[in-house]
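Data block for target-v7.txt (compact mmCIF, C-alpha atoms):
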```txt
# COMPACT_ATOMS: atom_id res chain seq x y z
CA MET R 28 -25.58 -0.81 34.45
CA LYS R 29 -28.37 -1.92 32.13
CA ASP R 30 -30.97 -4.35 33.41
CA ILE R 31 -30.20 -7.61 31.61
CA ALA R 32 -32.92 -9.51 33.43
CA THR R 33 -35.74 -7.73 31.58
CA ASP R 34 -37.57 -10.06 29.25
CA ALA R 35 -34.93 -12.68 29.94
CA GLN R 36 -36.99 -15.48 28.44
CA SER R 37 -36.84 -14.14 24.88
CA PRO R 38 -33.46 -14.18 23.11
CA LEU R 39 -31.92 -10.88 22.15
CA LEU R 40 -30.68 -12.41 18.87
CA GLU R 41 -32.26 -15.33 17.06
CA ILE R 42 -30.91 -16.88 13.85
CA ARG R 43 -33.23 -19.25 11.99
CA ASN R 44 -32.08 -21.60 9.21
CA LEU R 45 -29.48 -19.10 7.99
CA GLU R 46 -27.68 -19.80 4.71
CA LYS R 47 -25.14 -17.87 2.68
CA ARG R 48 -23.82 -18.81 -0.75
CA PHE R 49 -21.19 -16.93 -2.73
CA ASP R 50 -21.50 -17.38 -6.50
CA LEU R 51 -18.28 -18.33 -8.26
CA ASP R 52 -19.62 -18.03 -11.81
CA GLN R 53 -20.89 -14.52 -12.42
CA GLY R 54 -21.45 -14.27 -16.19
CA PHE R 55 -23.43 -16.51 -18.55
CA LEU R 56 -20.30 -17.84 -20.28
CA GLU R 57 -18.75 -18.86 -16.96
CA THR R 58 -21.73 -21.12 -16.23
CA ILE R 59 -21.26 -23.13 -19.45
CA LYS R 60 -19.40 -26.41 -18.80
CA PHE R 61 -18.50 -29.31 -21.13
CA LYS R 62 -19.54 -32.59 -19.48
CA GLY R 63 -20.36 -36.00 -20.91
CA GLY R 64 -19.72 -34.92 -24.46
CA ARG R 65 -22.12 -31.98 -24.36
CA PHE R 66 -22.38 -28.44 -23.05
CA VAL R 67 -24.38 -27.93 -19.86
CA ARG R 68 -25.11 -24.87 -17.77
CA GLU R 69 -23.87 -25.15 -14.21
CA ALA R 70 -23.52 -22.30 -11.72
CA ARG R 71 -21.11 -23.03 -8.88
CA SER R 72 -21.35 -21.51 -5.41
CA VAL R 73 -19.39 -21.57 -2.18
CA HIS R 74 -21.78 -22.71 0.56
CA ALA R 75 -20.31 -20.71 3.45
CA VAL R 76 -23.21 -21.00 5.94
CA ASN R 77 -25.64 -23.92 5.80
CA ASN R 78 -28.89 -23.95 7.79
CA VAL R 79 -27.48 -22.37 10.96
CA SER R 80 -29.91 -21.72 13.82
CA LEU R 81 -28.68 -20.04 17.02
CA GLU R 82 -30.00 -17.96 19.90
CA VAL R 83 -28.15 -15.41 22.02
CA ALA R 84 -29.72 -14.54 25.37
CA ARG R 85 -29.46 -11.10 26.92
CA GLY R 86 -26.30 -10.58 28.91
CA GLU R 87 -24.48 -13.70 27.74
CA ALA R 88 -21.40 -14.27 25.61
CA LEU R 89 -22.02 -16.87 22.91
CA CYS R 90 -18.74 -18.05 21.42
CA VAL R 91 -18.77 -19.47 17.89
CA VAL R 92 -15.78 -21.74 17.29
CA GLY R 93 -14.42 -23.94 14.52
CA GLU R 94 -11.60 -24.31 12.01
CA SER R 95 -10.62 -21.58 9.58
CA GLY R 96 -13.14 -21.44 6.74
CA CYS R 97 -16.00 -22.98 8.72
CA GLY R 98 -18.22 -19.89 8.31
CA LYS R 99 -17.74 -18.17 11.68
CA SER R 100 -16.93 -14.72 10.32
CA THR R 101 -19.62 -15.02 7.66
CA VAL R 102 -22.21 -15.58 10.39
CA ALA R 103 -20.90 -12.49 12.20
CA ARG R 104 -21.14 -10.34 9.06
CA LEU R 105 -24.65 -11.61 8.30
CA VAL R 106 -25.82 -10.65 11.79
CA ALA R 107 -24.15 -7.23 11.48
CA GLY R 108 -25.90 -6.60 8.17
CA LEU R 109 -22.65 -6.41 6.22
CA LEU R 110 -23.79 -9.39 4.12
CA THR R 111 -27.25 -10.38 2.90
CA PRO R 112 -28.39 -13.97 3.64
CA SER R 113 -29.18 -16.29 0.75
CA SER R 114 -32.02 -17.67 2.86
CA GLY R 115 -33.12 -17.83 6.48
CA GLU R 116 -34.09 -15.16 9.00
CA ILE R 117 -32.37 -13.04 11.65
CA PHE R 118 -34.37 -11.56 14.53
CA TYR R 119 -33.11 -8.93 16.94
CA ASP R 120 -35.16 -8.21 20.07
CA GLY R 121 -38.12 -10.00 18.46
CA ALA R 122 -38.06 -8.05 15.17
CA ARG R 123 -36.76 -9.39 11.87
CA ILE R 124 -33.74 -7.43 10.61
CA ASP R 125 -32.22 -9.37 7.70
CA ASN R 126 -34.74 -7.97 5.18
CA ARG R 127 -34.33 -4.30 6.15
CA THR R 128 -32.93 -1.65 3.86
CA ARG R 129 -29.81 0.32 4.72
CA ASN R 130 -31.87 3.25 6.02
CA GLN R 131 -34.11 0.94 8.05
CA MET R 132 -31.01 -0.54 9.69
CA LEU R 133 -29.71 2.84 10.88
CA PRO R 134 -31.53 2.81 14.27
CA LEU R 135 -30.03 -0.63 14.97
CA ARG R 136 -26.47 0.52 14.27
CA LYS R 137 -26.46 2.25 17.63
CA LYS R 138 -27.52 -0.95 19.41
CA ILE R 139 -25.33 -3.39 17.47
CA GLN R 140 -21.61 -2.69 17.12
CA MET R 141 -18.78 -4.77 15.72
CA ILE R 142 -15.16 -5.19 16.72
CA PHE R 143 -13.08 -6.45 13.81
CA GLN R 144 -10.21 -8.91 13.79
CA ASN R 145 -7.39 -6.73 12.51
CA PRO R 146 -6.85 -3.49 14.46
CA TYR R 147 -4.28 -2.44 11.85
CA ALA R 148 -7.00 -2.29 9.18
CA SER R 149 -10.12 -1.32 11.11
CA LEU R 150 -8.95 2.19 12.04
CA ASN R 151 -8.78 4.94 9.44
CA PRO R 152 -5.10 5.95 9.06
CA ARG R 153 -6.10 9.49 7.98
CA MET R 154 -8.06 10.22 11.16
CA THR R 155 -6.71 11.02 14.60
CA ILE R 156 -7.93 8.86 17.47
CA LEU R 157 -10.17 11.71 18.64
CA GLN R 158 -11.75 12.03 15.19
CA ALA R 159 -12.28 8.25 14.97
CA LEU R 160 -14.05 8.19 18.33
CA GLU R 161 -16.08 11.36 17.84
CA GLU R 162 -17.42 10.38 14.41
CA PRO R 163 -19.87 7.64 15.59
CA VAL R 164 -21.05 9.78 18.51
CA ARG R 165 -21.94 12.68 16.20
CA HIS R 166 -23.51 10.38 13.61
CA HIS R 167 -25.82 8.59 16.04
CA ASN R 168 -26.49 11.58 18.31
CA PRO R 169 -27.04 14.57 16.00
CA GLY R 170 -28.48 16.59 18.89
CA PHE R 171 -25.29 16.43 20.94
CA SER R 172 -23.32 19.64 21.39
CA ALA R 173 -19.57 19.69 20.81
CA ALA R 174 -19.01 19.62 24.58
CA GLU R 175 -21.31 16.60 25.01
CA VAL R 176 -19.46 14.74 22.25
CA ARG R 177 -16.10 15.48 23.89
CA ASP R 178 -17.37 14.42 27.32
CA LYS R 179 -18.76 11.15 25.97
CA VAL R 180 -15.53 10.29 24.16
CA ALA R 181 -13.43 11.16 27.21
CA GLU R 182 -15.60 8.98 29.45
CA VAL R 183 -15.30 5.96 27.14
CA MET R 184 -11.56 6.44 26.65
CA MET R 185 -10.98 6.39 30.38
CA SER R 186 -13.20 3.33 30.88
CA VAL R 187 -11.16 1.17 28.49
CA GLY R 188 -7.73 2.43 29.44
CA VAL R 189 -7.13 4.68 26.44
CA ASP R 190 -4.96 7.57 27.58
CA PRO R 191 -6.59 10.94 26.72
CA SER R 192 -3.18 12.15 25.58
CA TRP R 193 -3.50 9.77 22.61
CA ALA R 194 -6.34 11.84 21.16
CA LYS R 195 -4.29 13.87 18.67
CA ARG R 196 -2.20 10.94 17.46
CA TYR R 197 -2.82 8.61 14.51
CA ALA R 198 -3.45 4.87 14.48
CA HIS R 199 -0.03 3.97 13.03
CA GLU R 200 1.63 5.36 16.16
CA PHE R 201 0.20 2.61 18.38
CA SER R 202 0.80 -1.08 19.00
CA GLY R 203 -1.74 -3.74 18.11
CA GLY R 204 -3.07 -3.99 21.66
CA GLN R 205 -3.45 -0.22 21.92
CA ARG R 206 -5.24 -0.10 18.57
CA GLN R 207 -7.67 -2.81 19.63
CA ARG R 208 -8.43 -0.86 22.82
CA ILE R 209 -9.21 2.13 20.61
CA ALA R 210 -11.42 -0.05 18.41
CA ILE R 211 -13.30 -1.28 21.51
CA ALA R 212 -13.67 2.32 22.68
CA ARG R 213 -15.09 3.27 19.27
CA ALA R 214 -17.70 0.51 19.55
CA LEU R 215 -18.68 1.60 23.07
CA THR R 216 -19.06 5.34 22.32
CA VAL R 217 -22.68 4.87 21.15
CA ASP R 218 -23.69 2.79 24.22
CA PRO R 219 -24.52 -0.44 22.33
CA GLU R 220 -26.24 -3.42 23.92
CA PHE R 221 -24.93 -6.09 21.54
CA ILE R 222 -21.30 -6.51 20.44
CA ILE R 223 -20.18 -8.74 17.57
CA ALA R 224 -16.50 -9.52 18.12
CA ASP R 225 -14.88 -11.20 15.11
CA GLU R 226 -11.67 -12.79 16.44
CA PRO R 227 -10.71 -9.54 18.21
CA ILE R 228 -7.50 -10.87 19.78
CA SER R 229 -6.13 -13.25 17.14
CA ALA R 230 -3.89 -10.55 15.63
CA LEU R 231 -2.41 -9.60 19.02
CA ASP R 232 0.59 -10.88 20.94
CA VAL R 233 -0.27 -13.55 23.50
CA SER R 234 0.89 -11.26 26.31
CA ILE R 235 -1.70 -8.66 25.26
CA GLN R 236 -4.61 -11.01 24.56
CA ALA R 237 -5.53 -11.51 28.23
CA GLN R 238 -5.61 -7.75 28.81
CA VAL R 239 -8.02 -7.17 25.92
CA LEU R 240 -10.22 -10.10 26.98
CA ASN R 241 -10.41 -8.84 30.55
CA LEU R 242 -11.27 -5.38 29.23
CA MET R 243 -14.15 -6.83 27.22
CA LEU R 244 -15.37 -8.82 30.24
CA GLU R 245 -15.29 -5.69 32.40
CA ALA R 246 -17.31 -3.83 29.77
CA LYS R 247 -19.80 -6.70 29.69
CA GLU R 248 -20.38 -6.48 33.42
CA SER R 249 -20.38 -2.69 33.76
CA ARG R 250 -22.50 -1.96 30.66
CA GLY R 251 -24.69 -5.06 30.53
CA LEU R 252 -23.40 -6.06 27.11
CA THR R 253 -24.29 -9.17 25.12
CA TYR R 254 -21.55 -10.71 22.96
CA LEU R 255 -21.44 -12.82 19.83
CA PHE R 256 -17.77 -13.78 20.05
CA ILE R 257 -16.09 -15.41 17.04
CA THR R 258 -12.88 -17.29 17.75
CA HIS R 259 -10.86 -20.41 16.92
CA ASP R 260 -9.03 -20.41 20.26
CA LEU R 261 -10.72 -22.76 22.73
CA SER R 262 -8.67 -21.49 25.66
CA VAL R 263 -10.27 -18.09 25.06
CA VAL R 264 -13.71 -19.69 24.97
CA GLU R 265 -13.20 -21.34 28.35
CA HIS R 266 -12.27 -17.99 29.86
CA PHE R 267 -14.78 -15.74 28.11
CA GLY R 268 -17.88 -17.62 26.93
CA THR R 269 -21.08 -18.50 28.73
CA ARG R 270 -22.19 -20.78 25.86
CA VAL R 271 -20.40 -22.26 22.86
CA ALA R 272 -21.55 -23.12 19.32
CA VAL R 273 -19.24 -25.41 17.34
CA LEU R 274 -19.31 -24.98 13.54
CA TYR R 275 -17.97 -27.33 10.90
CA LEU R 276 -18.20 -26.55 7.19
CA GLY R 277 -20.88 -23.91 7.82
CA THR R 278 -23.03 -26.27 9.91
CA VAL R 279 -23.71 -26.27 13.67
CA CYS R 280 -22.40 -29.49 15.27
CA GLU R 281 -22.97 -28.76 18.92
CA VAL R 282 -24.27 -25.98 21.19
CA ALA R 283 -23.76 -26.13 24.94
CA ASP R 284 -22.90 -23.99 27.94
CA THR R 285 -19.16 -23.64 28.38
CA ALA R 286 -18.77 -25.88 31.44
CA THR R 287 -20.79 -28.69 29.84
CA LEU R 288 -18.91 -28.52 26.56
CA PHE R 289 -15.48 -28.72 28.18
CA SER R 290 -16.43 -31.41 30.71
CA SER R 291 -18.63 -33.54 28.48
CA PRO R 292 -18.20 -32.90 24.72
CA LYS R 293 -20.54 -35.07 22.67
CA HIS R 294 -20.02 -34.51 18.95
CA PRO R 295 -16.93 -36.32 17.56
CA TYR R 296 -15.70 -33.07 16.02
CA THR R 297 -16.01 -31.23 19.35
CA ARG R 298 -14.06 -34.03 21.05
CA ALA R 299 -11.32 -33.74 18.44
CA LEU R 300 -11.13 -29.96 18.87
CA LEU R 301 -10.86 -30.17 22.65
CA SER R 302 -8.24 -32.92 22.48
CA ALA R 303 -6.02 -30.51 20.53
CA VAL R 304 -5.96 -27.91 23.32
CA PRO R 305 -2.59 -28.01 25.15
CA GLN R 306 -2.99 -29.11 28.77
CA LEU R 307 -0.65 -28.92 31.75
CA LYS R 308 -2.49 -31.81 33.41
CA ASP R 309 -2.72 -35.28 31.94
CA ASP R 310 -6.32 -36.23 32.75
CA ARG R 311 -7.75 -35.94 29.23
CA PRO R 312 -7.77 -38.55 26.47
CA ASN R 313 -5.00 -38.64 23.91
CA HIS R 314 -5.03 -36.27 20.98
CA ILE R 315 -7.61 -37.40 18.42
CA ARG R 316 -6.20 -37.45 14.91
CA LEU R 317 -8.87 -36.83 12.29
CA LYS R 318 -8.66 -38.83 9.09
CA GLY R 319 -9.37 -37.62 5.56
CA GLU R 320 -9.67 -34.12 4.17
CA ILE R 321 -12.14 -31.30 4.76
CA PRO R 322 -14.77 -31.46 1.98
CA THR R 323 -14.95 -28.48 -0.33
CA PRO R 324 -17.72 -25.98 0.43
CA ILE R 325 -18.45 -25.87 -3.31
CA ASN R 326 -19.70 -29.47 -3.39
CA LEU R 327 -21.08 -30.23 0.06
CA PRO R 328 -21.55 -33.84 1.19
CA GLN R 329 -25.06 -35.21 0.88
CA GLY R 330 -25.18 -36.36 4.50
CA CYS R 331 -23.26 -35.23 7.58
CA PRO R 332 -20.53 -32.72 6.62
CA PHE R 333 -18.15 -34.39 9.10
CA GLU R 334 -18.73 -37.92 7.73
CA SER R 335 -15.51 -38.15 5.70
CA ARG R 336 -13.36 -37.49 8.80
CA CYS R 337 -15.39 -39.28 11.49
CA VAL R 338 -14.37 -42.70 12.86
CA PHE R 339 -18.00 -43.38 13.88
CA ALA R 340 -19.55 -42.70 10.46
CA ASN R 341 -21.77 -45.28 8.78
CA SER R 342 -23.99 -45.40 5.69
CA ARG R 343 -26.67 -43.25 7.33
CA CYS R 344 -24.13 -40.51 8.02
CA LYS R 345 -23.18 -40.58 4.34
CA SER R 346 -26.73 -40.15 3.02
CA GLU R 347 -28.73 -38.26 5.66
CA LYS R 348 -28.03 -34.91 7.29
CA PRO R 349 -28.26 -35.16 11.11
CA LYS R 350 -30.81 -33.04 12.96
CA ALA R 351 -29.98 -30.98 16.03
CA ILE R 352 -31.36 -32.87 19.04
CA HIS R 353 -31.66 -31.54 22.61
CA GLN R 354 -29.72 -33.59 25.15
CA PRO R 355 -30.60 -34.20 28.84
CA ASP R 356 -27.85 -31.84 30.02
CA GLY R 357 -29.21 -28.96 27.91
CA SER R 358 -26.77 -29.19 25.02
CA ILE R 359 -27.86 -29.48 21.38
CA VAL R 360 -26.01 -31.95 19.15
CA ALA R 361 -26.41 -32.92 15.48
CA CYS R 362 -24.92 -36.42 15.23
CA HIS R 363 -26.38 -39.75 14.08
CA ALA R 364 -23.81 -41.70 16.10
CA LEU R 365 -24.82 -39.96 19.33
CA GLU R 366 -28.50 -40.42 18.53
CA GLU R 367 -28.01 -44.16 17.98
CA GLY R 368 -25.74 -44.64 20.99
CA ARG R 369 -22.72 -45.62 18.91
CA LEU R 370 -20.37 -43.10 20.55
CA GLU R 371 -20.47 -44.86 23.90
CA SER R 372 -20.09 -48.35 22.50
CA GLU R 373 -16.90 -47.56 20.58
CA ALA R 374 -13.64 -46.23 21.96
CA VAL R 375 -12.22 -43.03 20.56
CA GLY R 376 -8.80 -43.95 19.21
CA PRO R 377 -5.88 -41.68 18.40
```

Have the structure of the file written as C-alpha cells, please.
Amino acid sequence: MKDIATDAQSPLLEIRNLEKRFDLDQGFLETIKFKGGRFVREARSVHAVNNVSLEVARGEALCVVGESGCGKSTVARLVAGLLTPSSGEIFYDGARIDNRTRNQMLPLRKKIQMIFQNPYASLNPRMTILQALEEPVRHHNPGFSAAEVRDKVAEVMMSVGVDPSWAKRYAHEFSGGQRQRIAIARALTVDPEFIIADEPISALDVSIQAQVLNLMLEAKESRGLTYLFITHDLSVVEHFGTRVAVLYLGTVCEVADTATLFSSPKHPYTRALLSAVPQLKDDRPNHIRLKGEIPTPINLPQGCPFESRCVFANSRCKSEKPKAIHQPDGSIVACHALEEGRLESEAVGP
C-alpha cells in the first residue's frame, strides 16, 4: 500500500478560481444581433464552471454533488485535461498542469486515471477485454516484456473480481456492472494515485451499485488511492465520501466533511438537497420545496446564483456574489444569509 501520509499537509489536487465557458456563437455572423433598432455584436457563452476553488487531500475521497447541469462533469474533465479552462489554475502535487501541452501531460496520465459514467460507451467494442486492459500497460510501460504485461493485467483483473476467463470476450457480452468492473480494472492497470470517477454507478442497476462502490473503496484502501468522485446521489456520498463539495450553477455553495454536511448543512441549497433524500426514520425536517426556476447558464445572475430560488434571499443576494467563508466547524459556505445570521432567525418552511 502506498504511503498516503507523506506530505499530508499539501493537497494532492488544488483548483484555483476555475472557469469554463462554451461559446454558442462561433462565426462572425452568429454574433450579430438586432436590438433596440440597431445591429450589435454579442457573443453568447454557456458559463459551465464559475470561479470554482477546491482542494483534494492525499488519500481522501472528495465528492462533488449537485443537480444535473451544475458543472460537476465539466470540473472532472477540466482536471483530467480533457477540456481547457477559460481561466483559473489547476495544480497537481504542487505543479501547475492546466497549461501543459498534450506531450507534457503524458507523464501525468499514469498518475491520473478516469472512470467514465457509461460503461457501455467507455469500452472499445472492437477490442477484447484483454486487449483493452493490455493497451494502457504497454503504452505507459514501454519497457515491459509481454510476460510482464500479462502478469500485470492478470493481477489487476483478480483484484477487482474480473474473471480471467473473460479475457477473450468483447464488451457487448457483459452486463453493465461487469463492464464497469472492467473499466475500473483498466484504470488500475497503470497503478494510478488519483482517480476521477464521473458518476461511475449512475448507469447501473441499484442492486449492482453497492458492489461497484465497495470495490472502489477496497481499491482506495489497498492501493492508497485518492478520489474525485462526481455524483448526484447523496446516499452514495454518505457511504463513499470523506468530504463533500456542493455545486449549484457552476458555483461552489458549500464544502464540508461528510459527517458535518449531513448532520449540520448550512447553505439553503444544501439543506434542500438533503431534505430530498428518502429516509426510513422521521427525525429530519420536512421536504423543502424550492421556488422559481434554475437560471440559465447563458445569462448568469449578477449576485448569488441561488437567489431566485432561496426563501432567505434579500437585495444583497440579488446584487452581490457571496464569498466562501470558513465556519467554526471547518466547513466553507458561500451565503450572505448565513454570514448575516438570517438562517437561524427564520424557519425553513416547506

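One finds atom CA of R:Asp50 at 24.8 Å from atom CA of R:Ser335.
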
Spatial neighbours of R:Ser72, max dist 12 Å, all atoms listed in the file, sep filter under 4 positions, as a VMD selection string = chain R and resid 47 to 53 58 76 113 323 to 327

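In this model, the gap between atom CA of R:Arg136 and atom CA of R:Gly108 comes to 9.4 Å.
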
message = Would you pick out the contacts of R:Lys195 at 8 Å or less, using all atoms listed in the file, so that residues sharing its chain but fewer than 6 positions from it are not included, and give the list as a VMD selection string?
response = chain R and resid 155 to 157

Take the residues that were just selected and, keeping C-alpha atoms, output them as a short mmCIF file (atom, residue, chain, number, x, y, z; two decimals), in the frame of the given file.
```
data_model
loop_
_atom_site.label_atom_id
_atom_site.label_comp_id
_atom_site.auth_asym_id
_atom_site.auth_seq_id
_atom_site.Cartn_x
_atom_site.Cartn_y
_atom_site.Cartn_z
CA THR R 155 -6.71 11.02 14.60
CA ILE R 156 -7.93 8.86 17.47
CA LEU R 157 -10.17 11.71 18.64
#
```

ask   = How many Å separate atom CA of R:Leu301 from atom CA of R:Pro349?
value =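 Separation between atom CA of R:Leu301 and atom CA of R:Pro349: 21.5 Å.
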
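The residue that comes closest to R:Pro38, out of R:Glu281, R:Asp190, R:Glu161, R:Glu87 and on the basis of only C-alpha atoms, is R:Glu87.
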
request  = Have a look at R:Ala351, R:Leu135, R:Ile42, R:Ala364 and name the one nearest to R:Pro295; count all atoms listed in the file.
outcome  = R:Ala364

If we count only C-alpha atoms and set the cut-off at 7 Å, which residues sit around stretch 249-258 of chain R, ignoring sequence neighbours fewer than 6 positions away in its own chain? Please answer as a PDB file with C-alpha atoms, keeping the file's coordinate frame.
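Written output follows (result25.pdb):
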```pdb
ATOM      1  CA  MET R  28     -25.580  -0.810  34.450  1.00  0.00           C
ATOM      2  CA  LYS R  29     -28.370  -1.920  32.130  1.00  0.00           C
ATOM      3  CA  ASP R  30     -30.970  -4.350  33.410  1.00  0.00           C
ATOM      4  CA  ILE R  31     -30.200  -7.610  31.610  1.00  0.00           C
ATOM      5  CA  ARG R  85     -29.460 -11.100  26.920  1.00  0.00           C
ATOM      6  CA  GLY R  86     -26.300 -10.580  28.910  1.00  0.00           C
ATOM      7  CA  GLU R  87     -24.480 -13.700  27.740  1.00  0.00           C
ATOM      8  CA  ALA R  88     -21.400 -14.270  25.610  1.00  0.00           C
ATOM      9  CA  LEU R  89     -22.020 -16.870  22.910  1.00  0.00           C
ATOM     10  CA  CYS R  90     -18.740 -18.050  21.420  1.00  0.00           C
ATOM     11  CA  VAL R  91     -18.770 -19.470  17.890  1.00  0.00           C
ATOM     12  CA  VAL R  92     -15.780 -21.740  17.290  1.00  0.00           C
ATOM     13  CA  LYS R  99     -17.740 -18.170  11.680  1.00  0.00           C
ATOM     14  CA  SER R 100     -16.930 -14.720  10.320  1.00  0.00           C
ATOM     15  CA  GLU R 220     -26.240  -3.420  23.920  1.00  0.00           C
ATOM     16  CA  PHE R 221     -24.930  -6.090  21.540  1.00  0.00           C
ATOM     17  CA  ILE R 222     -21.300  -6.510  20.440  1.00  0.00           C
ATOM     18  CA  ILE R 223     -20.180  -8.740  17.570  1.00  0.00           C
ATOM     19  CA  ALA R 224     -16.500  -9.520  18.120  1.00  0.00           C
ATOM     20  CA  ASP R 225     -14.880 -11.200  15.110  1.00  0.00           C
ATOM     21  CA  GLU R 226     -11.670 -12.790  16.440  1.00  0.00           C
TER      22      GLU R 226
END
```

key: Exercise: R:Arg43 partners within 9 Å, all atoms listed in the file, chain neighbours under 2 positions left out, as a PyMOL selection string   = chain R and resi 41+45+78-82+115-118

request  = Could you give me, as a VMD selection string, the residues that have an atom at most 7 Å away from the point (-24.6, -36.0, 1.1) in the coordinates of the file, using all atoms listed in the file?
outcome  = chain R and resid 327 to 331 345 to 347

message = For a quick check of your reading of the model, name the residues lying within 9 Å of the coordinate (-28.3, -27.4, 28.9), counting all atoms listed in the file, and write them as a PyMOL selection string.
response = chain R and resi 282-284+287+353-359

Keeping only C-alpha atoms, write the selected residues as an mmCIF file, keeping the file's coordinate frame.
```
data_model
loop_
_atom_site.group_PDB
_atom_site.id
_atom_site.type_symbol
_atom_site.label_atom_id
_atom_site.label_comp_id
_atom_site.auth_asym_id
_atom_site.auth_seq_id
_atom_site.Cartn_x
_atom_site.Cartn_y
_atom_site.Cartn_z
ATOM 1 C CA VAL R 282 -24.270 -25.980 21.190
ATOM 2 C CA ALA R 283 -23.760 -26.130 24.940
ATOM 3 C CA ASP R 284 -22.900 -23.990 27.940
ATOM 4 C CA THR R 287 -20.790 -28.690 29.840
ATOM 5 C CA HIS R 353 -31.660 -31.540 22.610
ATOM 6 C CA GLN R 354 -29.720 -33.590 25.150
ATOM 7 C CA PRO R 355 -30.600 -34.200 28.840
ATOM 8 C CA ASP R 356 -27.850 -31.840 30.020
ATOM 9 C CA GLY R 357 -29.210 -28.960 27.910
ATOM 10 C CA SER R 358 -26.770 -29.190 25.020
ATOM 11 C CA ILE R 359 -27.860 -29.480 21.380
#
```

Tell me, counting all atoms listed in the file, for each residue of stretch 112-145 of chain R within 10 Å of stretch 198-208 of chain R, which pair of atoms is nearest and how far apart they are in Å to one decimal, in rows ordered by chain and increasing number, as CSV.
```
residue,atom,partner,partner_atom,distance
R:Ile142,CA,R:Gln207,CA,8.4
R:Phe143,CA,R:Gln207,CA,8.7
R:Gln144,CA,R:Gln207,CA,8.8
R:Asn145,CA,R:Gln207,CA,8.1
```

request  = Skip R:Ile228 itself and residues of its chain fewer than 6 positions away, then list as a list of chain:residue names all residues within 8 Å of it, counting all atoms listed in the file.
outcome  = R:Gln144, R:Gln236, R:Val239, R:Leu240

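Restricting the calculation to all atoms listed in the file, the smallest distance between R:Leu288 and any of R:Ala272, R:Met243, R:Ala303, R:Ile209 is found for R:Ala272.
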